[in-house]
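Working notes, beginning with the structure itself.
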Amino acid sequence: MSNVTLIGYGSGNVASVRFALERLGARVRISADPADLDEAERVILPGVGAAGYAMKRLNALGLVEPLRRFKRPLLGVCLGQQLLFEASAEDEGTENGGADLLGLIPGRVEAIAPAPSRPSPHMGWSRLTIRRPDPLLEGIKDGDWAYFVHGFVCPDGPATIAAADYGIAVPAVVNSANRWGCQFHPERSAAAGARILKNFLELPA
């Protein structure tokens with residue numbers, strides 16, 4: 001049975017993620033204590049809302065540096081994926097009109113440009129396309145569905161291991177070293193989401 005620490009910092013829907021993990025047999029600890037993070041077997045960083053506010057909460061709780069130095073499996077969910085990158089165009093946070101993020105993956109998060117066929121936020125089910133194999137995607141196939149709710153999008157680059165087509169390429173799953181991110185909500189994405197969480201719980205710690 002895997003142990004997982006779920007960061008409860010006031011900017012994420014921890015309850016639904018916790019229930020999804022417990023259904024898979026995980027032992028879940030919700031914590032915002034940096035000491036717990038240092039000792040964790042694996043960590044999930046959830047997130048909803050604005051990147052600037054989320055970073056303020058992480059800074060206030062002393063969690064930024066522990067997250068940056070964490071060397072075991074780390075999964076960012078929804079806004080949590082975006083926080084793995086260097087900066088966000090959201091107008092909270094720094095004086096330059098953006099938000100400085102964790103800086104674990106290169107690139108800047110930008111707003112989804114709306115279009116007649118592409119309302120923003122991106123809300124609902126989209127199909128996944130696998131870009132490259134990864135242990136987190138074991139058992140996930142091209143065409144599997146995932147549930148998205150987001151108005152900002154991560155840069156599409158070398159870290160993208162699965163994408164969704166929303167008139168633009170949406171990096172749906174990213175990876176860099178021991179850090180993974182899901183732009184969608186795996187806890188709300190039926191069988192595919194449950195498989196991704198199961199795979200995360202089985203990553204070597």
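Labels for the structure tokens follow display order: chains A, B, ..., residues from 1 in each chain, ligands from 1.
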Per-residue nearest contacts of stretch 40-147 of chain A to stretch 159-180 of chain A (6 Å; only C-alpha atoms) as a tab-separated table:
residue	atom	partner	partner_atom	distance
A:Pro73	CA	A:Asn178	CA	5.1
A:Leu74	CA	A:Arg179	CA	4.8
A:Leu75	CA	A:Trp180	CA	4.8
A:Arg127	CA	A:Ala164	CA	5.8
A:Leu128	CA	A:Ala164	CA	4.9
A:Thr129	CA	A:Ala163	CA	5.2
A:Ile130	CA	A:Ala162	CA	4.4
A:Arg131	CA	A:Ile161	CA	4.8
A:Arg132	CA	A:Ile161	CA	5.3
Would you put the residues from that selection into a file with N, CA and C atoms, as a PDB file, in the first residue's frame?
ATOM      1  N   PRO A  73       8.468  11.020  -6.124  1.00  0.00           N
ATOM      2  CA  PRO A  73       7.412  11.347  -7.090  1.00  0.00           C
ATOM      3  C   PRO A  73       6.498  12.482  -6.623  1.00  0.00           C
ATOM      4  N   LEU A  74       6.313  13.462  -7.503  1.00  0.00           N
ATOM      5  CA  LEU A  74       5.492  14.643  -7.260  1.00  0.00           C
ATOM      6  C   LEU A  74       4.527  14.799  -8.423  1.00  0.00           C
ATOM      7  N   LEU A  75       3.239  14.934  -8.118  1.00  0.00           N
ATOM      8  CA  LEU A  75       2.203  15.087  -9.145  1.00  0.00           C
ATOM      9  C   LEU A  75       1.413  16.363  -8.888  1.00  0.00           C
ATOM     10  N   ARG A 127     -10.354  14.190 -25.548  1.00  0.00           N
ATOM     11  CA  ARG A 127      -9.591  12.966 -25.758  1.00  0.00           C
ATOM     12  C   ARG A 127      -8.089  13.240 -25.618  1.00  0.00           C
ATOM     13  N   LEU A 128      -7.389  12.247 -25.129  1.00  0.00           N
ATOM     14  CA  LEU A 128      -5.946  12.338 -24.961  1.00  0.00           C
ATOM     15  C   LEU A 128      -5.218  11.721 -26.160  1.00  0.00           C
ATOM     16  N   THR A 129      -4.088  12.307 -26.497  1.00  0.00           N
ATOM     17  CA  THR A 129      -3.163  11.748 -27.470  1.00  0.00           C
ATOM     18  C   THR A 129      -1.816  11.576 -26.784  1.00  0.00           C
ATOM     19  N   ILE A 130      -1.275  10.369 -26.813  1.00  0.00           N
ATOM     20  CA  ILE A 130      -0.019  10.085 -26.144  1.00  0.00           C
ATOM     21  C   ILE A 130       1.137  10.569 -27.022  1.00  0.00           C
ATOM     22  N   ARG A 131       1.999  11.397 -26.461  1.00  0.00           N
ATOM     23  CA  ARG A 131       3.165  11.882 -27.196  1.00  0.00           C
ATOM     24  C   ARG A 131       4.356  10.929 -27.054  1.00  0.00           C
ATOM     25  N   ARG A 132       4.581  10.414 -25.852  1.00  0.00           N
ATOM     26  CA  ARG A 132       5.683   9.477 -25.634  1.00  0.00           C
ATOM     27  C   ARG A 132       5.368   8.603 -24.429  1.00  0.00           C
TER      28      ARG A 132
END
Among the residues A:Ile196, A:Cys182, A:Ile105, A:Ala50, the one that comes closest to A:Leu136 [using only C-alpha atoms]:
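Ranking A:Ile196, A:Cys182, A:Ile105, A:Ala50 by distance to A:Leu136, first place goes to A:Ile196.
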Which residues are close to A:Val48, i.e. within 9 Å by only C-alpha atoms, leaving aside same-chain residues fewer than 3 positions away? Reply as a tab-separated table (two decimals) with all heavy atoms, in the first residue's frame.
chain	number	residue	atom	x	y	z
A	11	SER	N	-5.96	26.00	-1.58
A	11	SER	CA	-6.17	26.35	-2.98
A	11	SER	C	-6.31	25.10	-3.82
A	11	SER	O	-5.77	25.01	-4.91
A	11	SER	CB	-5.02	27.21	-3.50
A	11	SER	OG	-5.32	27.70	-4.80
A	12	GLY	N	-7.05	24.12	-3.30
A	12	GLY	CA	-7.23	22.89	-4.06
A	12	GLY	C	-8.36	22.06	-3.49
A	12	GLY	O	-8.69	22.15	-2.31
A	13	ASN	N	-8.97	21.27	-4.36
A	13	ASN	CA	-10.08	20.42	-3.94
A	13	ASN	C	-9.51	19.10	-3.42
A	13	ASN	O	-9.46	18.10	-4.13
A	13	ASN	CB	-11.02	20.18	-5.13
A	13	ASN	CG	-12.25	19.40	-4.72
A	13	ASN	OD1	-12.49	19.15	-3.54
A	13	ASN	ND2	-13.04	19.00	-5.70
A	51	ALA	N	-3.24	31.34	-10.03
A	51	ALA	CA	-1.87	30.93	-9.73
A	51	ALA	C	-1.22	31.84	-8.70
A	51	ALA	O	-0.49	31.37	-7.82
A	51	ALA	CB	-1.05	30.91	-11.02
A	54	ALA	N	-2.41	30.98	-5.24
A	54	ALA	CA	-1.86	29.69	-4.83
A	54	ALA	C	-0.40	29.82	-4.41
A	54	ALA	O	0.02	29.25	-3.39
A	54	ALA	CB	-1.99	28.68	-5.97
A	77	VAL	N	-1.85	18.58	-9.99
A	77	VAL	CA	-3.16	18.33	-10.59
A	77	VAL	C	-3.84	19.66	-10.90
A	77	VAL	O	-3.97	20.52	-10.03
A	77	VAL	CB	-4.04	17.48	-9.65
A	77	VAL	CG1	-5.46	17.38	-10.19
A	77	VAL	CG2	-3.45	16.09	-9.47
A	78	CYS	N	-4.28	19.83	-12.15
A	78	CYS	CA	-4.98	21.01	-12.65
A	78	CYS	C	-4.08	22.24	-12.45
A	78	CYS	O	-3.02	22.32	-13.05
A	78	CYS	CB	-6.36	21.15	-11.99
A	78	CYS	SG	-7.43	22.33	-12.87
A	79	LEU	N	-4.47	23.21	-11.61
A	79	LEU	CA	-3.59	24.33	-11.34
A	79	LEU	C	-2.25	23.85	-10.80
A	79	LEU	O	-1.21	24.46	-11.05
A	79	LEU	CB	-4.24	25.29	-10.35
A	79	LEU	CG	-3.40	26.49	-9.91
A	79	LEU	CD1	-3.07	27.40	-11.08
A	79	LEU	CD2	-4.11	27.28	-8.80
A	80	GLY	N	-2.25	22.73	-10.09
A	80	GLY	CA	-1.01	22.18	-9.59
A	80	GLY	C	-0.02	21.85	-10.69
A	80	GLY	O	1.19	21.98	-10.49
A	150	HIS	N	-10.18	24.56	-17.06
A	150	HIS	CA	-9.07	25.50	-16.91
A	150	HIS	C	-9.17	26.59	-17.97
A	150	HIS	O	-9.64	26.36	-19.08
A	150	HIS	CB	-7.72	24.78	-17.03
A	150	HIS	CG	-7.46	24.16	-18.38
A	150	HIS	ND1	-6.46	24.57	-19.22
A	150	HIS	CD2	-8.09	23.15	-19.03
A	150	HIS	CE1	-6.48	23.85	-20.33
A	150	HIS	NE2	-7.46	22.98	-20.24
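Picture a line from atom CA of A:Val17 to atom CA of A:Glu138; it runs 19.9 Å.
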Set the distance at 12 Å and use only C-alpha atoms: which residues neighbour A:Gly8 once local chain neighbours fewer than 3 positions away are removed? I'd like the list as a list in words.
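With the cut-off at 12 Å, the set is Thr5, Ser11, Gly12, Asn13, Val14, Ala15, Val17, Arg18, Val28, Arg29, Ile30, Ser31, Ala32, Asp33, Pro34, Asp36, Leu37, Val43, Ile44, Leu45, Pro46, Gly47, Val48, Ala54, Arg57, Leu58, Leu61, Leu63 and Gly80 of chain A.
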Which polymer residues have any atom within 9 Å of an atom of A:Ala190, counting only C-alpha atoms, with same-chain residues fewer than 3 positions away left out, as an mmCIF file with C-alpha atoms, in the first residue's frame?
data_model
loop_
_atom_site.group_PDB
_atom_site.id
_atom_site.type_symbol
_atom_site.label_atom_id
_atom_site.label_comp_id
_atom_site.auth_asym_id
_atom_site.auth_seq_id
_atom_site.Cartn_x
_atom_site.Cartn_y
_atom_site.Cartn_z
ATOM 1 C CA TRP A 145 -11.206 10.723 -22.249
ATOM 2 C CA ALA A 146 -10.252 13.148 -19.459
ATOM 3 C CA TYR A 147 -12.199 15.916 -17.739
ATOM 4 C CA PRO A 186 -7.854 12.544 -12.783
ATOM 5 C CA GLU A 187 -10.207 12.135 -9.821
ATOM 6 C CA GLY A 193 -8.060 9.063 -14.378
ATOM 7 C CA ALA A 194 -8.151 6.218 -11.885
ATOM 8 C CA ARG A 195 -5.466 4.378 -13.873
#
Taking the DSSP assignment computed from this structure's backbone, write out as a ChimeraX atom specification all residues of chain A that belong to alpha helix (DSSP H).
/A:14-23,34-39,51-60,64-69,79-83,190-202
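Of note, atom CA of A:Gly151 and atom CA of A:Leu6 are spaced 23.6 Å apart.
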Using only C-alpha atoms, pick whichever of A:Trp125, A:Phe19, A:Phe152, A:Phe70 has the shortest atom-to-atom distance to A:Glu90.
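Smallest distance to A:Glu90 is found for A:Phe152.
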All strand (DSSP E) residues (DSSP, backbone) inside stretch 22-152 of chain A, as a PyMOL selection string
chain A and resi 27-31+43-45+74-77+85-88+99-100+105-111+122-130+145-150+152
Selected residue, from A:Leu137, A:Ala26, A:Val109, A:Ala191, that lies nearest to A:Pro155 when counting only C-alpha atoms:
A:Val109
